[in-house]
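J.: Let me give you the structure first, and then I'll get to my questions.
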There are 2 protein chains.
Amino acid sequence: VSAAPETGVSSGLAGATVAVIGLGVVGGSLVRALARLPGGPRVLGASPDATDRSAAERETGARTATDAVEVIGEADVVVYAAPLGAIVEMLPAHAPRLRADALVTDVAGLKRPVLEAAVKAGLGERFVGAHPLAGGEGAGFAGGRADLFGGARVFLCADAAAKPAARARAEALWRAVDANPSWVDADEHDRLMVCVSHLPQLVANALALALQDQGIAAGELGPGGRDMTRLAQSPPRMWSDLLAHTGADAAGLLRAVVDRIEDVAGRLERGDGAGVAELMARTRAWRGGRSE
Amino acid sequence: VSAAPETGVSSGLAGATVAVIGLGVVGGSLVRALARLPGGPRVLGASPDATDRSAAERETGARTATDAVEVIGEADVVVYAAPLGAIVEMLPAHAPRLRADALVTDVAGLKRPVLEAAVKAGLGERFVGAHPLAGGEGAGFAGGRADLFGGARVFLCADAAAKPAARARAEALWRAVDANPSWVDADEHDRLMVCVSHLPQLVANALALALQDQGIAAGELGPGGRDMTRLAQSPPRMWSDLLAHTGADAAGLLRAVVDRIEDVAGRLERGDGAGVAELMARTRAWRGGRSE
């Protein structure tokens with residue numbers, strides 16, 4: 001991953017003011033990444049969490065506020081990095097105070113609900129939804145890092161009414177922090193996320209519950225077991241917001257996983273070692289066939 | 001992780017000859033780690049795989065052989081790093097050719113079957129079973145690395161007849177490569193492994209199959225989905241050997257995971273967001289409560 005100061009500077013962030021609303025892992029990482037761009041934008045932050053605010057000010061020099069309304073009026077780019085439910089509430093409340101030429105964007109894990117809220121709030125022309133595929137097991141500002149987005153895929157989506165300048169600025173924002181933005185349809189994105197993100201999350205929770213039921217402590221896990229339960233540490237609040245929109249679809253996919261587990265368990269019970277090995281060879285080819 | 005040449009040298013490996021039988025991820029990493037110890041042991045290797053043999057010779061200078069019987073007679077320490085089934089077959093076949101004062105050890109993921117085979121082969125006094133909790137998603141010698149065991153837990157077990165010198169040498173071997181050996185009962189170890197290793201493995205396979213059923217490509221996964229399917233790349237052969245011993249227990253645990261998945265799916269279908277969040281808070285406390 002190369003540093004990309006020129007990218008950021010040459011594509012419209014130089015001299016701009018970016019306000020990041022929410023200073024958790026993703027918002028905090030964005031503040032760090034933007035603040036270190038030479039000649040990059042002025043960075044503002046907002047969070048109700050005093051610890052995150054003071055850490056952000058100390059580490060990056062960004063000015064922060066408790067309430068987003070104190071900073072959004074100054075910003076050329078406003079990035080909502082709060083939980084989905086909070087973003088959907090803030091957009092209509094903030095719309096009258098946003099600069100008319102500001103790019104409004106977000107980082108929520110589902111794009112249809114945010115896009116709808118933005119359009120309804122009259123922001124369709126200048127809103128671009130974003131979903132960076134990056135995170136970590138930490139929490140709050142302390143859980144982020146300046147290079148979190150290096151090489152990360154970022155899904156972008158917008159209403160048909162979105163202006164080319166807004167789209168270009170959203171791409172520039174993510175390129176400046178070394179991410180790889182690409183455009184998707186919001187509905188397709190959300191369907192994909194239920195499979196590749198919500199489903200693994202819920203399976204990690206179920207596995208962790210089953211291990212806990214067996215009296216296993218997390219410290220007894222080896223590297224594989226740790227990988228398989230890392231997501232069990234995810235913040236419930238963030239997931240409540242996402243699952244409120246996708247719970248029914250996610251439940252359907254969980255039943256599909258149950259069918260596959262029953263398949264494996266049945267082969268084991270019948271002593272069908274060759275049958276289990278056949279399934280493992282299939283997943284090995286699938287998982288290893290595309291490296292990233 | 002500090003380099004530990006003194007540990008290795010001062011505790012009985014200096015001047016010794018160590019033969020590593022099997023040059024895959026674990027065996028290959030051990031050859032690398034031992035070969036770089038200043039003043040450390042002479043290292044021999046054996047593998048039926050010509051690619052692994054030539055890579056080991058090129059990278060570490062270790063002399064290697066196709067058949068283990070060509071090297072075991074020279075060794076003060078023989079480490080079996082082959083699949084469980086192969087180890088259980090080799091022990092009685094090799095026993096007459098092993099030096100009478102050699103430490104015989106292994107790295108298999110289950111300890112009862114190997115311990116039984118060693119005792120039956122008359123090796124109870126000088127056999128110490130070992131299971132390093134370390135691995136990776138690679139395969140063969142190329143998938144290993146010299147620092148694989150740095151900080152890793154290594155479970156050791158032995159028959160009551162095992163001599164103190166054999167026990168001490170096994171501890172020294174793992175300390176020399178910066179691992180943390182500790183003694184366990186073979187049966188307790190194997191029961192624990194079904195929970196913390198076999199179960200996560202099989203859940204990863206089932207999840208990967210379900211995702212594949214949905215037409216998802218591995219390259220579409222984000223960091224969480226990648227973690228949750230990394231184990232789906234594990235070699236089927238190794239697991240066939242392990243599951244031949246633990247399949248029935250593993251199947252029982254898979255049913256327990258199914259119950260937990262049904263619990264989560266039911267809450268999602270009933271729109272019980274608070275109920276899902278409660279489960280997530282429980283797994284978060286469990287997983288985060290013990291960091292390592």
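In the structure tokens, each chain is lettered A, B, ... as it comes, each chain's residues begin at 1, and ligands are numbered from 1 in order of appearance.
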Distance table requested - chain B against chain A, cut-off 7 Å, only C-alpha atoms: one row per qualifying residue with the closest atom pair and its distance in Å to one decimal, ordered by chain and rising residue number, as JSON lines.

T.:
{"residue": "B:Leu133", "atom": "CA", "partner": "A:Gly222", "partner_atom": "CA", "distance": 5.6}
{"residue": "B:Ala134", "atom": "CA", "partner": "A:Pro223", "partner_atom": "CA", "distance": 6.6}
{"residue": "B:Cys195", "atom": "CA", "partner": "A:Leu211", "partner_atom": "CA", "distance": 6.8}
{"residue": "B:Val196", "atom": "CA", "partner": "A:Leu221", "partner_atom": "CA", "distance": 5.3}
{"residue": "B:Ser197", "atom": "CA", "partner": "A:Gly225", "partner_atom": "CA", "distance": 5.9}
{"residue": "B:Pro200", "atom": "CA", "partner": "A:Gly225", "partner_atom": "CA", "distance": 5.6}
{"residue": "B:Val203", "atom": "CA", "partner": "A:Ile261", "partner_atom": "CA", "distance": 6.9}
{"residue": "B:Asn205", "atom": "CA", "partner": "A:Thr283", "partner_atom": "CA", "distance": 6.2}
{"residue": "B:Ala206", "atom": "CA", "partner": "A:Arg260", "partner_atom": "CA", "distance": 5.1}
{"residue": "B:Leu207", "atom": "CA", "partner": "A:Val257", "partner_atom": "CA", "distance": 5.8}
{"residue": "B:Ala208", "atom": "CA", "partner": "A:Thr283", "partner_atom": "CA", "distance": 6.0}
{"residue": "B:Leu209", "atom": "CA", "partner": "A:Thr283", "partner_atom": "CA", "distance": 6.3}
{"residue": "B:Ala210", "atom": "CA", "partner": "A:Val257", "partner_atom": "CA", "distance": 5.4}
{"residue": "B:Leu211", "atom": "CA", "partner": "A:Cys195", "partner_atom": "CA", "distance": 6.9}
{"residue": "B:Ala218", "atom": "CA", "partner": "A:Arg287", "partner_atom": "CA", "distance": 5.4}
{"residue": "B:Gly219", "atom": "CA", "partner": "A:Arg290", "partner_atom": "CA", "distance": 5.7}
{"residue": "B:Leu221", "atom": "CA", "partner": "A:Val196", "partner_atom": "CA", "distance": 5.3}
{"residue": "B:Gly222", "atom": "CA", "partner": "A:Leu133", "partner_atom": "CA", "distance": 5.5}
{"residue": "B:Pro223", "atom": "CA", "partner": "A:Ala134", "partner_atom": "CA", "distance": 6.6}
{"residue": "B:Gly224", "atom": "CA", "partner": "A:Leu231", "partner_atom": "CA", "distance": 6.6}
{"residue": "B:Gly225", "atom": "CA", "partner": "A:Pro200", "partner_atom": "CA", "distance": 5.6}
{"residue": "B:Asp227", "atom": "CA", "partner": "A:Asp227", "partner_atom": "CA", "distance": 5.4}
{"residue": "B:Met228", "atom": "CA", "partner": "A:Met228", "partner_atom": "CA", "distance": 5.1}
{"residue": "B:Leu231", "atom": "CA", "partner": "A:Gly224", "partner_atom": "CA", "distance": 6.6}
{"residue": "B:Ala232", "atom": "CA", "partner": "A:Thr283", "partner_atom": "CA", "distance": 5.4}
{"residue": "B:Gln233", "atom": "CA", "partner": "A:Arg284", "partner_atom": "CA", "distance": 4.0}
{"residue": "B:Ser234", "atom": "CA", "partner": "A:Arg284", "partner_atom": "CA", "distance": 6.6}
{"residue": "B:Pro236", "atom": "CA", "partner": "A:Ala277", "partner_atom": "CA", "distance": 5.1}
{"residue": "B:Ser240", "atom": "CA", "partner": "A:Gly273", "partner_atom": "CA", "distance": 6.0}
{"residue": "B:Ala244", "atom": "CA", "partner": "A:Gly273", "partner_atom": "CA", "distance": 6.8}
{"residue": "B:Gly247", "atom": "CA", "partner": "A:Leu268", "partner_atom": "CA", "distance": 5.0}
{"residue": "B:Ala248", "atom": "CA", "partner": "A:Glu269", "partner_atom": "CA", "distance": 5.5}
{"residue": "B:Ala251", "atom": "CA", "partner": "A:Ala265", "partner_atom": "CA", "distance": 4.5}
{"residue": "B:Leu254", "atom": "CA", "partner": "A:Ala265", "partner_atom": "CA", "distance": 6.4}
{"residue": "B:Ala256", "atom": "CA", "partner": "A:Ala210", "partner_atom": "CA", "distance": 6.1}
{"residue": "B:Val257", "atom": "CA", "partner": "A:Ala210", "partner_atom": "CA", "distance": 5.4}
{"residue": "B:Val258", "atom": "CA", "partner": "A:Val258", "partner_atom": "CA", "distance": 5.8}
{"residue": "B:Arg260", "atom": "CA", "partner": "A:Ala206", "partner_atom": "CA", "distance": 5.1}
{"residue": "B:Ile261", "atom": "CA", "partner": "A:Ala206", "partner_atom": "CA", "distance": 5.3}
{"residue": "B:Ala265", "atom": "CA", "partner": "A:Ala251", "partner_atom": "CA", "distance": 4.5}
{"residue": "B:Leu268", "atom": "CA", "partner": "A:Gly247", "partner_atom": "CA", "distance": 5.0}
{"residue": "B:Glu269", "atom": "CA", "partner": "A:Ala248", "partner_atom": "CA", "distance": 5.5}
{"residue": "B:Gly273", "atom": "CA", "partner": "A:Ser240", "partner_atom": "CA", "distance": 6.0}
{"residue": "B:Ala277", "atom": "CA", "partner": "A:Pro236", "partner_atom": "CA", "distance": 5.1}
{"residue": "B:Met280", "atom": "CA", "partner": "A:Pro236", "partner_atom": "CA", "distance": 5.5}
{"residue": "B:Ala281", "atom": "CA", "partner": "A:Pro236", "partner_atom": "CA", "distance": 6.0}
{"residue": "B:Thr283", "atom": "CA", "partner": "A:Ala232", "partner_atom": "CA", "distance": 5.4}
{"residue": "B:Arg284", "atom": "CA", "partner": "A:Gln233", "partner_atom": "CA", "distance": 4.0}
{"residue": "B:Trp286", "atom": "CA", "partner": "A:Ala218", "partner_atom": "CA", "distance": 6.6}
{"residue": "B:Arg287", "atom": "CA", "partner": "A:Ala218", "partner_atom": "CA", "distance": 5.4}
{"residue": "B:Gly288", "atom": "CA", "partner": "A:Gln233", "partner_atom": "CA", "distance": 6.2}
{"residue": "B:Arg290", "atom": "CA", "partner": "A:Gly219", "partner_atom": "CA", "distance": 5.7}
{"residue": "B:Ser291", "atom": "CA", "partner": "A:Gly219", "partner_atom": "CA", "distance": 6.8}
{"residue": "B:Glu292", "atom": "CA", "partner": "A:Gly219", "partner_atom": "CA", "distance": 6.7}

J.: How would the residues just picked look written out with C-alpha atoms as an mmCIF file, in the first residue's frame?

T.:
data_model
loop_
_atom_site.group_PDB
_atom_site.id
_atom_site.type_symbol
_atom_site.label_atom_id
_atom_site.label_comp_id
_atom_site.auth_asym_id
_atom_site.auth_seq_id
_atom_site.Cartn_x
_atom_site.Cartn_y
_atom_site.Cartn_z
ATOM 1 C CA LEU B 133 -1.550 -24.610 18.538
ATOM 2 C CA ALA B 134 -0.163 -22.996 15.424
ATOM 3 C CA CYS B 195 -14.713 -28.170 20.930
ATOM 4 C CA VAL B 196 -12.098 -25.564 20.147
ATOM 5 C CA SER B 197 -10.730 -26.936 16.886
ATOM 6 C CA PRO B 200 -14.985 -24.413 14.369
ATOM 7 C CA VAL B 203 -18.774 -24.870 11.000
ATOM 8 C CA ASN B 205 -16.947 -25.820 6.053
ATOM 9 C CA ALA B 206 -20.742 -25.682 6.449
ATOM 10 C CA LEU B 207 -20.804 -21.887 6.156
ATOM 11 C CA ALA B 208 -18.586 -22.016 3.072
ATOM 12 C CA LEU B 209 -20.887 -24.597 1.473
ATOM 13 C CA ALA B 210 -23.939 -22.428 2.188
ATOM 14 C CA LEU B 211 -22.248 -19.364 0.692
ATOM 15 C CA ALA B 218 -14.758 -16.110 -2.011
ATOM 16 C CA GLY B 219 -13.421 -12.853 -3.474
ATOM 17 C CA LEU B 221 -16.117 -11.647 1.158
ATOM 18 C CA GLY B 222 -15.126 -8.820 3.477
ATOM 19 C CA PRO B 223 -12.657 -9.225 6.345
ATOM 20 C CA GLY B 224 -15.219 -10.880 8.646
ATOM 21 C CA GLY B 225 -16.400 -13.340 6.004
ATOM 22 C CA ASP B 227 -12.017 -14.949 8.780
ATOM 23 C CA MET B 228 -15.103 -17.129 9.013
ATOM 24 C CA LEU B 231 -10.546 -22.791 7.821
ATOM 25 C CA ALA B 232 -12.591 -23.961 4.831
ATOM 26 C CA GLN B 233 -9.211 -24.122 3.059
ATOM 27 C CA SER B 234 -7.813 -26.725 5.463
ATOM 28 C CA PRO B 236 -9.191 -32.645 3.858
ATOM 29 C CA SER B 240 -10.138 -37.186 7.731
ATOM 30 C CA ALA B 244 -12.077 -40.719 12.143
ATOM 31 C CA GLY B 247 -16.581 -37.704 14.311
ATOM 32 C CA ALA B 248 -19.347 -38.824 16.659
ATOM 33 C CA ALA B 251 -21.496 -34.382 15.223
ATOM 34 C CA LEU B 254 -22.635 -29.559 15.551
ATOM 35 C CA ALA B 256 -25.644 -27.917 19.599
ATOM 36 C CA VAL B 257 -24.561 -25.209 17.157
ATOM 37 C CA VAL B 258 -27.691 -25.908 15.106
ATOM 38 C CA ARG B 260 -28.089 -21.950 18.754
ATOM 39 C CA ILE B 261 -28.502 -20.971 15.098
ATOM 40 C CA ALA B 265 -32.979 -17.304 13.438
ATOM 41 C CA LEU B 268 -34.786 -12.571 13.867
ATOM 42 C CA GLU B 269 -38.000 -13.955 12.363
ATOM 43 C CA GLY B 273 -34.070 -7.291 17.896
ATOM 44 C CA ALA B 277 -28.731 -7.993 20.821
ATOM 45 C CA MET B 280 -24.605 -10.701 20.910
ATOM 46 C CA ALA B 281 -23.804 -8.911 24.155
ATOM 47 C CA THR B 283 -20.851 -13.526 23.094
ATOM 48 C CA ARG B 284 -19.090 -10.171 23.119
ATOM 49 C CA TRP B 286 -17.336 -14.064 26.469
ATOM 50 C CA ARG B 287 -14.974 -13.407 23.544
ATOM 51 C CA GLY B 288 -13.602 -10.103 24.785
ATOM 52 C CA ARG B 290 -10.134 -13.006 27.775
ATOM 53 C CA SER B 291 -7.789 -11.417 25.350
ATOM 54 C CA GLU B 292 -4.688 -13.128 24.150
#

J.: Find the spatial neighbours of Val25 in chain A, counting only C-alpha atoms, within a cut-off of 6 Å - ignore same-chain residues fewer than 6 positions away - and output them as an mmCIF file with N, CA and C atoms, in the first residue's frame.

T.:
data_model
loop_
_atom_site.group_PDB
_atom_site.id
_atom_site.type_symbol
_atom_site.label_atom_id
_atom_site.label_comp_id
_atom_site.auth_asym_id
_atom_site.auth_seq_id
_atom_site.Cartn_x
_atom_site.Cartn_y
_atom_site.Cartn_z
ATOM 1 N N ALA A 139 -12.844 -1.317 19.416
ATOM 2 C CA ALA A 139 -14.042 -0.487 19.507
ATOM 3 C C ALA A 139 -13.613 0.948 19.761
ATOM 4 N N GLY A 140 -14.445 1.900 19.332
ATOM 5 C CA GLY A 140 -14.163 3.301 19.582
ATOM 6 C C GLY A 140 -12.964 3.795 18.784
ATOM 7 N N PHE A 141 -12.596 5.055 19.036
ATOM 8 C CA PHE A 141 -11.467 5.654 18.318
ATOM 9 C C PHE A 141 -10.199 4.822 18.482
ATOM 10 N N GLY A 143 -9.829 1.759 18.579
ATOM 11 C CA GLY A 143 -9.840 0.549 17.754
ATOM 12 C C GLY A 143 -9.503 0.802 16.293
ATOM 13 N N GLY A 144 -9.350 2.056 15.898
ATOM 14 C CA GLY A 144 -9.061 2.366 14.499
ATOM 15 C C GLY A 144 -7.574 2.505 14.232
#

J.: Name the residues of range 52-284 of chain A that come out as alpha helix (DSSP H) in a backbone DSSP run; write them as a PyMOL selection string.

T.: chain A and resi 52-60+84-94+112-120+164-176+186-193+199-213+223-229+236-269+273-284

J.: How about saving the chosen residues, C-alpha atoms kept, as a CSV table (one decimal), in the first residue's frame?

T.:
chain,number,residue,atom,x,y,z
A,52,ASP,CA,-13.2,9.3,21.5
A,53,ARG,CA,-13.3,13.0,21.1
A,54,SER,CA,-10.3,13.7,23.2
A,55,ALA,CA,-8.3,10.8,21.7
A,56,ALA,CA,-9.1,12.2,18.2
A,57,GLU,CA,-8.0,15.7,19.1
A,58,ARG,CA,-4.8,14.5,20.8
A,59,GLU,CA,-3.8,12.1,18.0
A,60,THR,CA,-4.8,14.0,14.9
A,84,LEU,CA,-27.3,3.1,10.6
A,85,GLY,CA,-30.3,4.1,12.8
A,86,ALA,CA,-28.5,7.3,14.0
A,87,ILE,CA,-27.6,8.2,10.4
A,88,VAL,CA,-31.2,7.8,9.2
A,89,GLU,CA,-32.3,10.1,12.0
A,90,MET,CA,-29.6,12.7,11.5
A,91,LEU,CA,-30.0,13.2,7.7
A,92,PRO,CA,-33.4,15.0,7.8
A,93,ALA,CA,-32.5,16.8,11.0
A,94,HIS,CA,-29.2,18.1,9.5
A,112,ARG,CA,-30.8,1.2,0.7
A,113,PRO,CA,-32.1,2.6,4.0
A,114,VAL,CA,-29.6,5.5,4.0
A,115,LEU,CA,-30.1,6.3,0.4
A,116,GLU,CA,-33.8,6.5,0.9
A,117,ALA,CA,-33.5,8.7,3.9
A,118,ALA,CA,-31.1,11.0,2.0
A,119,VAL,CA,-33.4,11.4,-1.0
A,120,LYS,CA,-36.4,12.0,1.4
A,164,PRO,CA,-21.3,14.1,-11.2
A,165,ALA,CA,-19.3,16.4,-8.9
A,166,ALA,CA,-20.6,14.7,-5.8
A,167,ARG,CA,-19.8,11.3,-7.3
A,168,ALA,CA,-16.3,12.4,-8.2
A,169,ARG,CA,-15.7,13.8,-4.8
A,170,ALA,CA,-16.8,10.6,-3.1
A,171,GLU,CA,-14.4,8.6,-5.2
A,172,ALA,CA,-11.6,11.1,-4.5
A,173,LEU,CA,-12.2,10.9,-0.8
A,174,TRP,CA,-11.7,7.1,-0.7
A,175,ARG,CA,-8.9,7.1,-3.2
A,176,ALA,CA,-7.1,9.6,-0.9
A,186,ALA,CA,-27.9,-0.2,-3.4
A,187,ASP,CA,-30.3,-3.2,-3.5
A,188,GLU,CA,-27.7,-5.6,-4.9
A,189,HIS,CA,-25.2,-4.4,-2.4
A,190,ASP,CA,-27.6,-5.0,0.5
A,191,ARG,CA,-28.5,-8.5,-0.7
A,192,LEU,CA,-24.8,-9.3,-1.1
A,193,MET,CA,-24.1,-8.0,2.4
A,199,LEU,CA,-24.6,-14.4,7.8
A,200,PRO,CA,-21.0,-14.9,8.9
A,201,GLN,CA,-21.6,-12.6,11.8
A,202,LEU,CA,-24.6,-14.5,13.1
A,203,VAL,CA,-22.9,-17.9,12.6
A,204,ALA,CA,-20.0,-16.6,14.7
A,205,ASN,CA,-22.4,-15.6,17.4
A,206,ALA,CA,-24.1,-19.0,17.4
A,207,LEU,CA,-20.8,-20.8,17.5
A,208,ALA,CA,-19.6,-18.7,20.4
A,209,LEU,CA,-22.8,-19.4,22.3
A,210,ALA,CA,-22.4,-23.1,21.7
A,211,LEU,CA,-18.8,-23.0,22.9
A,212,GLN,CA,-19.8,-21.0,25.9
A,213,ASP,CA,-22.6,-23.6,26.6
A,223,PRO,CA,-5.8,-19.7,16.0
A,224,GLY,CA,-8.7,-21.3,14.0
A,225,GLY,CA,-11.2,-21.0,16.8
A,226,ARG,CA,-10.1,-17.4,17.4
A,227,ASP,CA,-10.8,-16.5,13.8
A,228,MET,CA,-14.2,-18.2,13.9
A,229,THR,CA,-15.3,-16.3,17.0
A,236,PRO,CA,-24.6,-5.4,19.3
A,237,ARG,CA,-25.9,-1.8,18.8
A,238,MET,CA,-24.5,-1.6,15.2
A,239,TRP,CA,-25.9,-5.0,14.4
A,240,SER,CA,-29.3,-4.3,15.8
A,241,ASP,CA,-29.6,-1.4,13.3
A,242,LEU,CA,-28.5,-3.6,10.4
A,243,LEU,CA,-30.6,-6.6,11.3
A,244,ALA,CA,-33.7,-4.5,11.7
A,245,HIS,CA,-33.6,-4.3,7.9
A,246,THR,CA,-32.3,-7.7,7.0
A,247,GLY,CA,-33.4,-10.0,9.8
A,248,ALA,CA,-35.9,-12.0,7.7
A,249,ASP,CA,-33.4,-12.6,4.9
A,250,ALA,CA,-30.6,-13.4,7.3
A,251,ALA,CA,-32.9,-16.0,9.1
A,252,GLY,CA,-33.5,-17.7,5.8
A,253,LEU,CA,-29.8,-18.0,5.1
A,254,LEU,CA,-29.2,-19.3,8.6
A,255,ARG,CA,-31.6,-22.1,7.9
A,256,ALA,CA,-29.5,-22.9,4.8
A,257,VAL,CA,-26.4,-23.1,7.0
A,258,VAL,CA,-28.3,-25.4,9.3
A,259,ASP,CA,-29.0,-27.7,6.3
A,260,ARG,CA,-25.3,-27.8,5.5
A,261,ILE,CA,-24.3,-28.5,9.2
A,262,GLU,CA,-26.9,-31.3,9.3
A,263,ASP,CA,-25.4,-32.7,6.1
A,264,VAL,CA,-21.9,-32.7,7.6
A,265,ALA,CA,-23.1,-34.1,11.0
A,266,GLY,CA,-25.0,-36.9,9.2
A,267,ARG,CA,-21.9,-37.9,7.3
A,268,LEU,CA,-19.8,-37.9,10.5
A,269,GLU,CA,-22.4,-40.0,12.3
A,273,GLY,CA,-15.2,-40.0,6.1
A,274,ALA,CA,-14.9,-39.9,2.4
A,275,GLY,CA,-18.1,-37.9,2.2
A,276,VAL,CA,-16.8,-35.4,4.7
A,277,ALA,CA,-13.5,-35.1,2.8
A,278,GLU,CA,-15.4,-34.5,-0.4
A,279,LEU,CA,-17.3,-31.6,1.1
A,280,MET,CA,-14.0,-30.2,2.5
A,281,ALA,CA,-12.3,-30.5,-0.8
A,282,ARG,CA,-15.2,-28.5,-2.3
A,283,THR,CA,-14.9,-25.7,0.2
A,284,ARG,CA,-11.1,-25.7,-0.1
